file coords-v6.pdb (PDB, C-alpha atoms)
ATOM      1  CA  MET I   1      -2.605  10.652  14.577  1.00  0.00           C
ATOM      2  CA  ILE I   2      -1.132   9.054  11.438  1.00  0.00           C
ATOM      3  CA  ARG I   3       2.201   8.465  13.157  1.00  0.00           C
ATOM      4  CA  ARG I   4       0.477   6.763  16.089  1.00  0.00           C
ATOM      5  CA  LEU I   5      -1.441   4.487  13.732  1.00  0.00           C
ATOM      6  CA  LEU I   6       1.696   3.570  11.816  1.00  0.00           C
ATOM      7  CA  SER I   7       3.589   2.949  15.036  1.00  0.00           C
ATOM      8  CA  GLN I   8       1.140   0.123  15.756  1.00  0.00           C
ATOM      9  CA  LYS I   9       1.074  -1.347  12.249  1.00  0.00           C
ATOM     10  CA  VAL I  10       4.231  -0.958  10.184  1.00  0.00           C
ATOM     11  CA  ASP I  11       7.153  -0.026  12.430  1.00  0.00           C
ATOM     12  CA  ALA I  12       8.729  -3.436  11.983  1.00  0.00           C
ATOM     13  CA  ALA I  13       8.753  -2.869   8.229  1.00  0.00           C
ATOM     14  CA  ILE I  14      10.920   0.247   8.570  1.00  0.00           C
ATOM     15  CA  GLN I  15      13.895  -2.075   8.889  1.00  0.00           C
ATOM     16  CA  PRO I  16      13.655  -5.453  10.635  1.00  0.00           C
ATOM     17  CA  GLY I  17      16.120  -5.537  13.503  1.00  0.00           C
ATOM     18  CA  PHE I  18      16.527  -1.763  13.766  1.00  0.00           C
ATOM     19  CA  ARG I  19      15.758  -0.648  17.323  1.00  0.00           C
ATOM     20  CA  LEU I  20      13.316   2.251  17.155  1.00  0.00           C
ATOM     21  CA  ARG I  21      14.153   5.060  19.560  1.00  0.00           C
ATOM     22  CA  GLY I  22      11.234   7.346  18.733  1.00  0.00           C
ATOM     23  CA  THR I  23       8.439   5.521  20.539  1.00  0.00           C
ATOM     24  CA  GLU I  24       6.314   8.657  21.070  1.00  0.00           C
ATOM     25  CA  VAL I  25       5.251  11.403  18.663  1.00  0.00           C
ATOM     26  CA  SER I  26       7.189  14.552  19.566  1.00  0.00           C
ATOM     27  CA  ARG I  27       6.025  18.151  19.154  1.00  0.00           C
ATOM     28  CA  LEU I  28       8.524  18.529  16.315  1.00  0.00           C
ATOM     29  CA  GLU I  29       6.990  15.580  14.478  1.00  0.00           C
ATOM     30  CA  GLY I  30       3.486  16.900  15.158  1.00  0.00           C
ATOM     31  CA  LEU I  31       4.428  20.268  13.672  1.00  0.00           C
ATOM     32  CA  SER I  32       5.986  18.550  10.665  1.00  0.00           C
ATOM     33  CA  ASP I  33       2.836  16.490  10.079  1.00  0.00           C
ATOM     34  CA  ALA I  34       0.722  19.654  10.229  1.00  0.00           C
ATOM     35  CA  VAL I  35       2.921  21.505   7.735  1.00  0.00           C
ATOM     36  CA  ILE I  36       3.018  18.598   5.285  1.00  0.00           C
ATOM     37  CA  GLY I  37      -0.752  18.253   5.668  1.00  0.00           C
ATOM     38  CA  PHE I  38      -1.056  21.956   4.869  1.00  0.00           C
ATOM     39  CA  ALA I  39       1.065  21.433   1.753  1.00  0.00           C
ATOM     40  CA  LEU I  40      -1.273  18.632   0.657  1.00  0.00           C
ATOM     41  CA  THR I  41      -4.216  20.960   1.249  1.00  0.00           C
ATOM     42  CA  LEU I  42      -2.639  23.576  -1.003  1.00  0.00           C
ATOM     43  CA  LEU I  43      -2.612  21.011  -3.797  1.00  0.00           C
ATOM     44  CA  VAL I  44      -6.367  20.546  -3.410  1.00  0.00           C
ATOM     45  CA  VAL I  45      -7.515  24.112  -2.880  1.00  0.00           C
ATOM     46  CA  SER I  46      -5.643  25.230  -5.980  1.00  0.00           C
ATOM     47  CA  LEU I  47      -8.494  23.550  -7.889  1.00  0.00           C
ATOM     48  CA  GLU I  48     -11.708  25.578  -7.651  1.00  0.00           C
ATOM     49  CA  VAL I  49     -15.007  23.820  -6.998  1.00  0.00           C
ATOM     50  CA  PRO I  50     -16.445  23.117 -10.478  1.00  0.00           C
ATOM     51  CA  GLN I  51     -19.533  25.135 -11.418  1.00  0.00           C
ATOM     52  CA  THR I  52     -20.334  23.234 -14.631  1.00  0.00           C
ATOM     53  CA  PHE I  53     -19.818  19.739 -15.982  1.00  0.00           C
ATOM     54  CA  ASP I  54     -17.111  21.006 -18.331  1.00  0.00           C
ATOM     55  CA  GLU I  55     -15.285  22.477 -15.350  1.00  0.00           C
ATOM     56  CA  LEU I  56     -15.670  19.141 -13.559  1.00  0.00           C
ATOM     57  CA  LEU I  57     -14.014  17.378 -16.499  1.00  0.00           C
ATOM     58  CA  ASP I  58     -11.189  19.912 -16.395  1.00  0.00           C
ATOM     59  CA  SER I  59     -10.731  19.138 -12.703  1.00  0.00           C
ATOM     60  CA  ILE I  60     -10.618  15.405 -13.402  1.00  0.00           C
ATOM     61  CA  ARG I  61      -7.974  15.995 -16.064  1.00  0.00           C
ATOM     62  CA  GLY I  62      -5.852  17.585 -13.365  1.00  0.00           C
ATOM     63  CA  PHE I  63      -6.050  14.451 -11.211  1.00  0.00           C
ATOM     64  CA  ALA I  64      -2.907  12.841 -12.659  1.00  0.00           C
ATOM     65  CA  ALA I  65      -0.763  15.832 -11.729  1.00  0.00           C
ATOM     66  CA  PHE I  66      -2.368  15.981  -8.289  1.00  0.00           C
ATOM     67  CA  ALA I  67      -1.798  12.251  -7.716  1.00  0.00           C
ATOM     68  CA  LEU I  68       1.886  12.500  -8.619  1.00  0.00           C
ATOM     69  CA  CYS I  69       2.396  15.528  -6.359  1.00  0.00           C
ATOM     70  CA  PHE I  70       0.510  13.767  -3.565  1.00  0.00           C
ATOM     71  CA  GLY I  71       2.628  10.652  -3.945  1.00  0.00           C
ATOM     72  CA  LEU I  72       5.894  12.585  -3.870  1.00  0.00           C
ATOM     73  CA  LEU I  73       4.888  14.430  -0.701  1.00  0.00           C
ATOM     74  CA  ILE I  74       3.939  11.127   0.945  1.00  0.00           C
ATOM     75  CA  VAL I  75       7.357   9.697   0.030  1.00  0.00           C
ATOM     76  CA  ILE I  76       9.006  12.715   1.677  1.00  0.00           C
ATOM     77  CA  TRP I  77       6.735  12.366   4.711  1.00  0.00           C
ATOM     78  CA  PHE I  78       7.540   8.666   5.117  1.00  0.00           C
ATOM     79  CA  GLU I  79      11.281   9.347   4.899  1.00  0.00           C
ATOM     80  CA  HIS I  80      10.807  11.949   7.629  1.00  0.00           C
ATOM     81  CA  TYR I  81       8.724   9.512   9.696  1.00  0.00           C
ATOM     82  CA  THR I  82      11.329   6.758   9.354  1.00  0.00           C
ATOM     83  CA  PHE I  83      14.190   8.988  10.456  1.00  0.00           C
ATOM     84  CA  PHE I  84      12.468  10.208  13.613  1.00  0.00           C
ATOM     85  CA  ARG I  85      11.240   6.736  14.532  1.00  0.00           C
ATOM     86  CA  ARG I  86      14.748   5.373  14.210  1.00  0.00           C
ATOM     87  CA  TYR I  87      16.739   8.026  16.037  1.00  0.00           C
ATOM     88  CA  ALA I  88      14.380  10.374  17.946  1.00  0.00           C
ATOM     89  CA  LEU I  89      16.904  13.213  17.595  1.00  0.00           C
ATOM     90  CA  GLN I  90      15.483  16.552  18.764  1.00  0.00           C
ATOM     91  CA  ASP I  91      18.505  18.826  19.218  1.00  0.00           C
ATOM     92  CA  THR I  92      19.267  22.234  17.710  1.00  0.00           C
ATOM     93  CA  PHE I  93      20.843  20.835  14.536  1.00  0.00           C
ATOM     94  CA  ILE I  94      17.827  18.679  13.719  1.00  0.00           C
ATOM     95  CA  ILE I  95      15.311  21.399  14.615  1.00  0.00           C
ATOM     96  CA  PHE I  96      17.055  23.898  12.326  1.00  0.00           C
ATOM     97  CA  TRP I  97      17.277  21.617   9.309  1.00  0.00           C
ATOM     98  CA  ASN I  98      13.786  20.257   9.900  1.00  0.00           C
ATOM     99  CA  THR I  99      12.538  23.853   9.721  1.00  0.00           C
ATOM    100  CA  VAL I 100      14.417  24.315   6.441  1.00  0.00           C
ATOM    101  CA  LEU I 101      12.832  21.124   5.113  1.00  0.00           C
ATOM    102  CA  LEU I 102       9.307  22.256   6.009  1.00  0.00           C
ATOM    103  CA  PHE I 103       9.923  25.639   4.373  1.00  0.00           C
ATOM    104  CA  LEU I 104      11.096  23.951   1.174  1.00  0.00           C
ATOM    105  CA  ILE I 105       8.068  21.652   1.094  1.00  0.00           C
ATOM    106  CA  VAL I 106       5.560  24.500   1.410  1.00  0.00           C
ATOM    107  CA  PHE I 107       7.450  26.801  -0.947  1.00  0.00           C
ATOM    108  CA  TYR I 108       7.700  24.226  -3.733  1.00  0.00           C
ATOM    109  CA  VAL I 109       4.113  22.951  -3.694  1.00  0.00           C
ATOM    110  CA  TYR I 110       2.907  25.281  -6.452  1.00  0.00           C
ATOM    111  CA  PRO I 111       5.989  24.936  -8.720  1.00  0.00           C
ATOM    112  CA  LEU I 112       5.698  21.170  -8.280  1.00  0.00           C
ATOM    113  CA  LYS I 113       2.058  21.036  -9.298  1.00  0.00           C
ATOM    114  CA  PHE I 114       2.567  23.482 -12.159  1.00  0.00           C
ATOM    115  CA  LEU I 115       5.356  21.332 -13.600  1.00  0.00           C
ATOM    116  CA  PHE I 116       3.371  18.094 -13.370  1.00  0.00           C
ATOM    117  CA  THR I 117       0.246  19.757 -14.779  1.00  0.00           C
ATOM    118  CA  LEU I 118       2.271  21.041 -17.720  1.00  0.00           C
ATOM    119  CA  PHE I 119       3.789  17.598 -18.221  1.00  0.00           C
ATOM    120  CA  PHE I 120       0.481  15.705 -18.253  1.00  0.00           C
ATOM    121  CA  ASN I 121      -1.294  18.309 -20.389  1.00  0.00           C
ATOM    122  CA  ASN I 122       1.460  17.964 -22.959  1.00  0.00           C
ATOM    123  CA  LEU I 123       1.534  14.155 -22.645  1.00  0.00           C
ATOM    124  CA  PHE I 124      -2.211  13.745 -23.173  1.00  0.00           C
ATOM    125  CA  GLY I 125      -2.476  16.423 -25.864  1.00  0.00           C
ATOM    126  CA  MET I 126      -4.535  18.798 -23.721  1.00  0.00           C
ATOM    127  CA  ASP I 127      -4.535  22.565 -24.073  1.00  0.00           C
ATOM    128  CA  LEU I 128      -1.397  24.364 -22.960  1.00  0.00           C
ATOM    129  CA  VAL I 129      -3.391  27.598 -22.826  1.00  0.00           C
ATOM    130  CA  VAL I 130      -5.185  29.055 -19.810  1.00  0.00           C
ATOM    131  CA  ALA I 131      -7.867  31.730 -19.611  1.00  0.00           C
ATOM    132  CA  GLN I 132      -7.045  34.832 -17.593  1.00  0.00           C
ATOM    133  CA  PRO I 133      -9.708  36.610 -15.462  1.00  0.00           C
ATOM    134  CA  GLY I 134     -10.220  39.136 -18.254  1.00  0.00           C
ATOM    135  CA  GLY I 135     -10.916  36.372 -20.747  1.00  0.00           C
ATOM    136  CA  ALA I 136      -7.591  36.531 -22.551  1.00  0.00           C
ATOM    137  CA  ALA I 137      -5.999  33.180 -23.402  1.00  0.00           C
ATOM    138  CA  VAL I 138      -2.303  32.889 -22.650  1.00  0.00           C
ATOM    139  CA  PRO I 139       0.079  29.930 -22.913  1.00  0.00           C
ATOM    140  CA  MET I 140       0.913  28.098 -19.693  1.00  0.00           C
ATOM    141  CA  ILE I 141       4.579  28.693 -20.352  1.00  0.00           C
ATOM    142  CA  GLN I 142       6.420  30.981 -22.740  1.00  0.00           C
ATOM    143  CA  GLU I 143       9.250  29.944 -25.000  1.00  0.00           C
ATOM    144  CA  GLY I 144      12.475  29.959 -23.043  1.00  0.00           C
ATOM    145  CA  GLN I 145      10.785  29.623 -19.643  1.00  0.00           C
ATOM    146  CA  LEU I 146      11.002  25.828 -19.520  1.00  0.00           C
ATOM    147  CA  SER I 147      14.655  25.981 -18.522  1.00  0.00           C
ATOM    148  CA  GLN I 148      13.784  28.301 -15.629  1.00  0.00           C
ATOM    149  CA  LEU I 149      11.012  25.941 -14.503  1.00  0.00           C
ATOM    150  CA  TYR I 150      13.310  22.909 -14.489  1.00  0.00           C
ATOM    151  CA  LEU I 151      15.971  24.928 -12.704  1.00  0.00           C
ATOM    152  CA  ILE I 152      13.489  25.870  -9.959  1.00  0.00           C
ATOM    153  CA  PHE I 153      12.330  22.266  -9.651  1.00  0.00           C
ATOM    154  CA  GLY I 154      15.881  20.915  -9.678  1.00  0.00           C
ATOM    155  CA  ILE I 155      17.020  23.251  -6.924  1.00  0.00           C
ATOM    156  CA  GLY I 156      14.003  22.349  -4.791  1.00  0.00           C
ATOM    157  CA  TRP I 157      14.379  18.606  -5.378  1.00  0.00           C
ATOM    158  CA  THR I 158      18.092  18.690  -4.580  1.00  0.00           C
ATOM    159  CA  ALA I 159      17.612  20.817  -1.468  1.00  0.00           C
ATOM    160  CA  VAL I 160      14.896  18.574   0.009  1.00  0.00           C
ATOM    161  CA  TRP I 161      16.902  15.370  -0.316  1.00  0.00           C
ATOM    162  CA  LEU I 162      20.082  17.131   0.777  1.00  0.00           C
ATOM    163  CA  VAL I 163      18.384  17.857   4.108  1.00  0.00           C
ATOM    164  CA  PHE I 164      17.803  14.124   4.569  1.00  0.00           C
ATOM    165  CA  VAL I 165      21.455  13.480   3.711  1.00  0.00           C
ATOM    166  CA  LEU I 166      22.394  15.923   6.468  1.00  0.00           C
ATOM    167  CA  PHE I 167      19.961  14.172   8.839  1.00  0.00           C
ATOM    168  CA  TYR I 168      21.524  10.748   8.307  1.00  0.00           C
ATOM    169  CA  ARG I 169      25.065  12.095   8.337  1.00  0.00           C
ATOM    170  CA  TYR I 170      24.323  13.675  11.705  1.00  0.00           C
ATOM    171  CA  ALA I 171      22.861  10.398  12.977  1.00  0.00           C
ATOM    172  CA  LEU I 172      26.126   8.691  12.050  1.00  0.00           C
ATOM    173  CA  GLN I 173      28.069  11.356  13.917  1.00  0.00           C
ATOM    174  CA  GLN I 174      25.869  10.692  16.959  1.00  0.00           C
ATOM    175  CA  SER I 175      26.233   6.914  16.705  1.00  0.00           C
ATOM    176  CA  ASP I 176      27.944   6.561  20.083  1.00  0.00           C
ATOM    177  CA  ARG I 177      25.300   8.629  21.862  1.00  0.00           C
ATOM    178  CA  LEU I 178      22.532   6.687  20.117  1.00  0.00           C
ATOM    179  CA  GLY I 179      24.240   3.359  20.741  1.00  0.00           C
ATOM    180  CA  LEU I 180      23.965   2.208  17.124  1.00  0.00           C
ATOM    181  CA  ASN I 181      25.068  -1.369  16.606  1.00  0.00           C
ATOM    182  CA  PRO I 182      26.782  -2.541  13.370  1.00  0.00           C
ATOM    183  CA  LEU I 183      23.454  -3.430  11.734  1.00  0.00           C
ATOM    184  CA  GLU I 184      21.980  -0.020  12.558  1.00  0.00           C
ATOM    185  CA  LEU I 185      25.139   1.712  11.341  1.00  0.00           C
ATOM    186  CA  PHE I 186      24.805  -0.159   8.052  1.00  0.00           C
ATOM    187  CA  ASP I 187      21.136   0.825   7.683  1.00  0.00           C
ATOM    188  CA  THR I 188      21.960   4.447   8.479  1.00  0.00           C
ATOM    189  CA  ARG I 189      24.695   4.577   5.848  1.00  0.00           C
ATOM    190  CA  ALA I 190      22.394   2.844   3.363  1.00  0.00           C
ATOM    191  CA  SER I 191      19.696   5.482   3.909  1.00  0.00           C
ATOM    192  CA  LEU I 192      22.285   8.233   3.545  1.00  0.00           C
ATOM    193  CA  TYR I 193      23.443   6.844   0.183  1.00  0.00           C
ATOM    194  CA  GLU I 194      19.875   6.408  -1.070  1.00  0.00           C
ATOM    195  CA  ASN I 195      19.101  10.049  -0.335  1.00  0.00           C
ATOM    196  CA  LEU I 196      22.449  11.115  -1.760  1.00  0.00           C
ATOM    197  CA  SER I 197      21.537   9.417  -5.048  1.00  0.00           C
ATOM    198  CA  ALA I 198      18.422  11.620  -5.248  1.00  0.00           C
ATOM    199  CA  VAL I 199      20.604  14.683  -4.627  1.00  0.00           C
ATOM    200  CA  LEU I 200      22.976  13.668  -7.425  1.00  0.00           C
ATOM    201  CA  VAL I 201      20.103  13.112  -9.867  1.00  0.00           C
ATOM    202  CA  GLY I 202      18.795  16.600  -9.123  1.00  0.00           C
ATOM    203  CA  PHE I 203      22.290  18.048  -9.510  1.00  0.00           C
ATOM    204  CA  VAL I 204      22.723  16.363 -12.906  1.00  0.00           C
ATOM    205  CA  SER I 205      19.370  17.790 -14.013  1.00  0.00           C
ATOM    206  CA  ILE I 206      20.488  21.285 -12.983  1.00  0.00           C
ATOM    207  CA  LEU I 207      23.729  20.879 -14.945  1.00  0.00           C
ATOM    208  CA  ILE I 208      21.773  19.782 -18.030  1.00  0.00           C
ATOM    209  CA  VAL I 209      19.564  22.875 -17.777  1.00  0.00           C
ATOM    210  CA  ILE I 210      22.591  25.144 -17.421  1.00  0.00           C
ATOM    211  CA  ALA I 211      24.170  23.454 -20.449  1.00  0.00           C
ATOM    212  CA  GLY I 212      21.074  24.331 -22.497  1.00  0.00           C
ATOM    213  CA  GLY I 213      19.332  20.959 -22.523  1.00  0.00           C
ATOM    214  CA  ALA I 214      16.082  21.892 -20.785  1.00  0.00           C
ATOM    215  CA  ASP I 215      14.077  19.503 -22.983  1.00  0.00           C
ATOM    216  CA  SER I 216      16.031  16.563 -21.547  1.00  0.00           C
ATOM    217  CA  ALA I 217      16.397  17.756 -17.959  1.00  0.00           C
ATOM    218  CA  GLY I 218      13.073  16.363 -16.760  1.00  0.00           C
ATOM    219  CA  TRP I 219      13.700  12.846 -18.023  1.00  0.00           C
ATOM    220  CA  VAL I 220      16.774  12.541 -15.812  1.00  0.00           C
ATOM    221  CA  TYR I 221      14.506  11.996 -12.801  1.00  0.00           C
ATOM    222  CA  LEU I 222      13.322   8.697 -14.278  1.00  0.00           C
ATOM    223  CA  ALA I 223      16.803   7.423 -13.469  1.00  0.00           C
ATOM    224  CA  MET I 224      15.719   7.410  -9.818  1.00  0.00           C
ATOM    225  CA  PHE I 225      13.804   4.161 -10.370  1.00  0.00           C
ATOM    226  CA  PRO I 226      16.695   1.947 -11.560  1.00  0.00           C
ATOM    227  CA  ILE I 227      19.203   3.694  -9.290  1.00  0.00           C
ATOM    228  CA  THR I 228      17.023   3.191  -6.209  1.00  0.00           C
ATOM    229  CA  TRP I 229      16.337  -0.425  -7.162  1.00  0.00           C
ATOM    230  CA  LEU I 230      20.037  -1.184  -7.623  1.00  0.00           C
ATOM    231  CA  ILE I 231      21.010   0.489  -4.342  1.00  0.00           C
ATOM    232  CA  LYS I 232      18.282  -1.306  -2.384  1.00  0.00           C
ATOM    233  CA  ARG I 233      19.150  -4.649  -3.965  1.00  0.00           C
ATOM    234  CA  ARG I 234      22.840  -4.229  -3.140  1.00  0.00           C
ATOM    235  CA  ASN I 235      22.032  -3.120   0.406  1.00  0.00           C
ATOM    236  CA  ALA I 236      19.659  -6.044   0.931  1.00  0.00           C
ATOM    237  CA  ILE I 237      22.365  -8.535  -0.071  1.00  0.00           C
ATOM    238  CA  GLN I 238      24.929  -6.973   2.241  1.00  0.00           C
ATOM    239  CA  ARG I 239      22.424  -6.617   5.071  1.00  0.00           C
ATOM    240  CA  ARG I 240      21.588 -10.320   5.045  1.00  0.00           C
ATOM    241  CA  LYS I 241      25.221 -11.012   5.884  1.00  0.00           C
ATOM    242  CA  ILE I 242      24.987  -8.824   8.999  1.00  0.00           C
ATOM    243  CA  ALA I 243      21.398  -9.312  10.210  1.00  0.00           C
ATOM    244  CA  PRO I 244      21.649 -12.919  11.557  1.00  0.00           C
ATOM    245  CA  SER I 245      23.952 -11.677  14.320  1.00  0.00           C
ATOM    246  CA  PHE I 246      21.193  -9.541  15.869  1.00  0.00           C
ATOM    247  CA  LYS I 247      17.886 -10.381  17.477  1.00  0.00           C
ATOM    248  CA  PRO I 248      14.791  -8.629  16.006  1.00  0.00           C
ATOM    249  CA  VAL I 249      14.336  -5.973  18.706  1.00  0.00           C
ATOM    250  CA  THR I 250      11.924  -3.317  17.406  1.00  0.00           C
ATOM    251  CA  SER I 251      12.178  -0.518  19.962  1.00  0.00           C
ATOM    252  CA  ILE I 252      14.134   0.949  22.841  1.00  0.00           C
ATOM    253  CA  GLU I 253      12.082   1.990  25.819  1.00  0.00           C
TER     254      GLU I 253
END

call {"tool": "encode", "arguments": {"input": "coords-v6.pdb", "output": "structure tokens"}}
result
Amino acid sequence: MIRRLLSQKVDAAIQPGFRLRGTEVSRLEGLSDAVIGFALTLLVVSLEVPQTFDELLDSIRGFAAFALCFGLLIVIWFEHYTFFRRYALQDTFIIFWNTVLLFLIVFYVYPLKFLFTLFFNNLFGMDLVVAQPGGAAVPMIQEGQLSQLYLIFGIGWTAVWLVFVLFYRYALQQSDRLGLNPLELFDTRASLYENLSAVLVGFVSILIVIAGGADSAGWVYLAMFPITWLIKRRNAIQRRKIAPSFKPVTSIE
């Protein structure tokens, strides 16, 4: 449903001049949408329906963490959407790694939300203590566990974006079969490098954790903003030198 709506509205924005080969929503894409939708649902149902006004306020305080998790999942979904619209690859290689990607997304939903909840609670000076069913109050995280949390997050982050690197690398290998022109080859390599930068950021974070710098490991991910901006700016300049040679065809029937 969402893919069909986007196909009518924003396909040209994926990359002007890139011929879109995925003109119909495949069963693989439909399954992927359902799984990512399920992951988004897990973010919501992890918050119980408030019974009192105080509980409602607690739920609202958790909105920032939810919003960040939601946004990250949408970014992953849109990267997935873009790839399948561009190349429409449905062979064994893609099916296998798409399955791995969906598994990673579902598996890391709770660690992702826990990390962001911990971050915002600490940032806004909220309690880092939770009440257990028996009434006992325990800290959200014990001393020494932060490094394990960042290690789990780093592995998940790196693995997710590594799958996209494998996707785009495979698309390059299939360039003759797909009939990619020089502009499309450039865009494919550009997407590969953008995803590879996310992998490298996650890898650096893991190395920092292993070296004993867990307190600094999380801030490494902020580097994604300037790195992504620089890569996109450089790619845009180079792309303008290639694009005038090609007519703005949006799809291949």

call {"tool": "closest_residue", "arguments": {"input": "coords-v6.pdb", "among": "I:Leu178, I:Ile155, I:Leu207, I:Leu73", "to": "I:Val109", "atoms": "all atoms listed in the file"}}
result
I:Leu73

call {"tool": "closest_residue", "arguments": {"input": "coords-v6.pdb", "among": "I:Gly179, I:Gly144, I:Gly212, I:Gly202", "to": "I:Arg21", "atoms": "all atoms listed in the file"}}
result
I:Gly179

call {"tool": "residues_around", "arguments": {"input": "coords-v6.pdb", "residues": "I:Thr188", "least_positions_apart": "6", "cutoff": "12 Å", "atoms": "only C-alpha atoms", "output": "PDB file with C-alpha atoms, in the frame of the given file"}}
result
ATOM      1  CA  ILE I  14      10.920   0.247   8.570  1.00  0.00           C
ATOM      2  CA  GLN I  15      13.895  -2.075   8.889  1.00  0.00           C
ATOM      3  CA  PHE I  18      16.527  -1.763  13.766  1.00  0.00           C
ATOM      4  CA  ARG I  19      15.758  -0.648  17.323  1.00  0.00           C
ATOM      5  CA  THR I  82      11.329   6.758   9.354  1.00  0.00           C
ATOM      6  CA  PHE I  83      14.190   8.988  10.456  1.00  0.00           C
ATOM      7  CA  ARG I  86      14.748   5.373  14.210  1.00  0.00           C
ATOM      8  CA  TYR I  87      16.739   8.026  16.037  1.00  0.00           C
ATOM      9  CA  PHE I 164      17.803  14.124   4.569  1.00  0.00           C
ATOM     10  CA  VAL I 165      21.455  13.480   3.711  1.00  0.00           C
ATOM     11  CA  LEU I 166      22.394  15.923   6.468  1.00  0.00           C
ATOM     12  CA  PHE I 167      19.961  14.172   8.839  1.00  0.00           C
ATOM     13  CA  TYR I 168      21.524  10.748   8.307  1.00  0.00           C
ATOM     14  CA  ARG I 169      25.065  12.095   8.337  1.00  0.00           C
ATOM     15  CA  TYR I 170      24.323  13.675  11.705  1.00  0.00           C
ATOM     16  CA  ALA I 171      22.861  10.398  12.977  1.00  0.00           C
ATOM     17  CA  LEU I 172      26.126   8.691  12.050  1.00  0.00           C
ATOM     18  CA  GLN I 173      28.069  11.356  13.917  1.00  0.00           C
ATOM     19  CA  GLN I 174      25.869  10.692  16.959  1.00  0.00           C
ATOM     20  CA  SER I 175      26.233   6.914  16.705  1.00  0.00           C
ATOM     21  CA  LEU I 178      22.532   6.687  20.117  1.00  0.00           C
ATOM     22  CA  LEU I 180      23.965   2.208  17.124  1.00  0.00           C
ATOM     23  CA  ASN I 181      25.068  -1.369  16.606  1.00  0.00           C
ATOM     24  CA  PRO I 182      26.782  -2.541  13.370  1.00  0.00           C
ATOM     25  CA  GLU I 194      19.875   6.408  -1.070  1.00  0.00           C
ATOM     26  CA  ASN I 195      19.101  10.049  -0.335  1.00  0.00           C
ATOM     27  CA  ASN I 235      22.032  -3.120   0.406  1.00  0.00           C
ATOM     28  CA  ARG I 239      22.424  -6.617   5.071  1.00  0.00           C
TER      29      ARG I 239
END

call {"tool": "residues_around", "arguments": {"input": "coords-v6.pdb", "residues": "I:Phe124", "least_positions_apart": "5", "cutoff": "12 Å", "atoms": "only C-alpha atoms", "output": "VMD selection string"}}
result
chain I and resid 61 to 62 64 to 65 117 to 119

call {"tool": "resolve_selection", "arguments": {"input": "coords-v6.pdb", "expression": "the PyMOL selection byres ((chain I and resi 216-221) around 8)", "output": "PyMOL selection string"}}
result
chain I and resi 150+201-202+204-206+208-209+213-215+222-224

call {"tool": "atom_distance", "arguments": {"input": "coords-v6.pdb", "atom1": "atom CA of I:Gly37", "atom2": "atom CA of I:Glu55"}}
result
25.9 Å

call {"tool": "closest_residue", "arguments": {"input": "coords-v6.pdb", "among": "I:Ser32, I:Gln142, I:Thr228, I:Ser191", "to": "I:Trp77", "atoms": "all atoms listed in the file"}}
result
I:Ser32
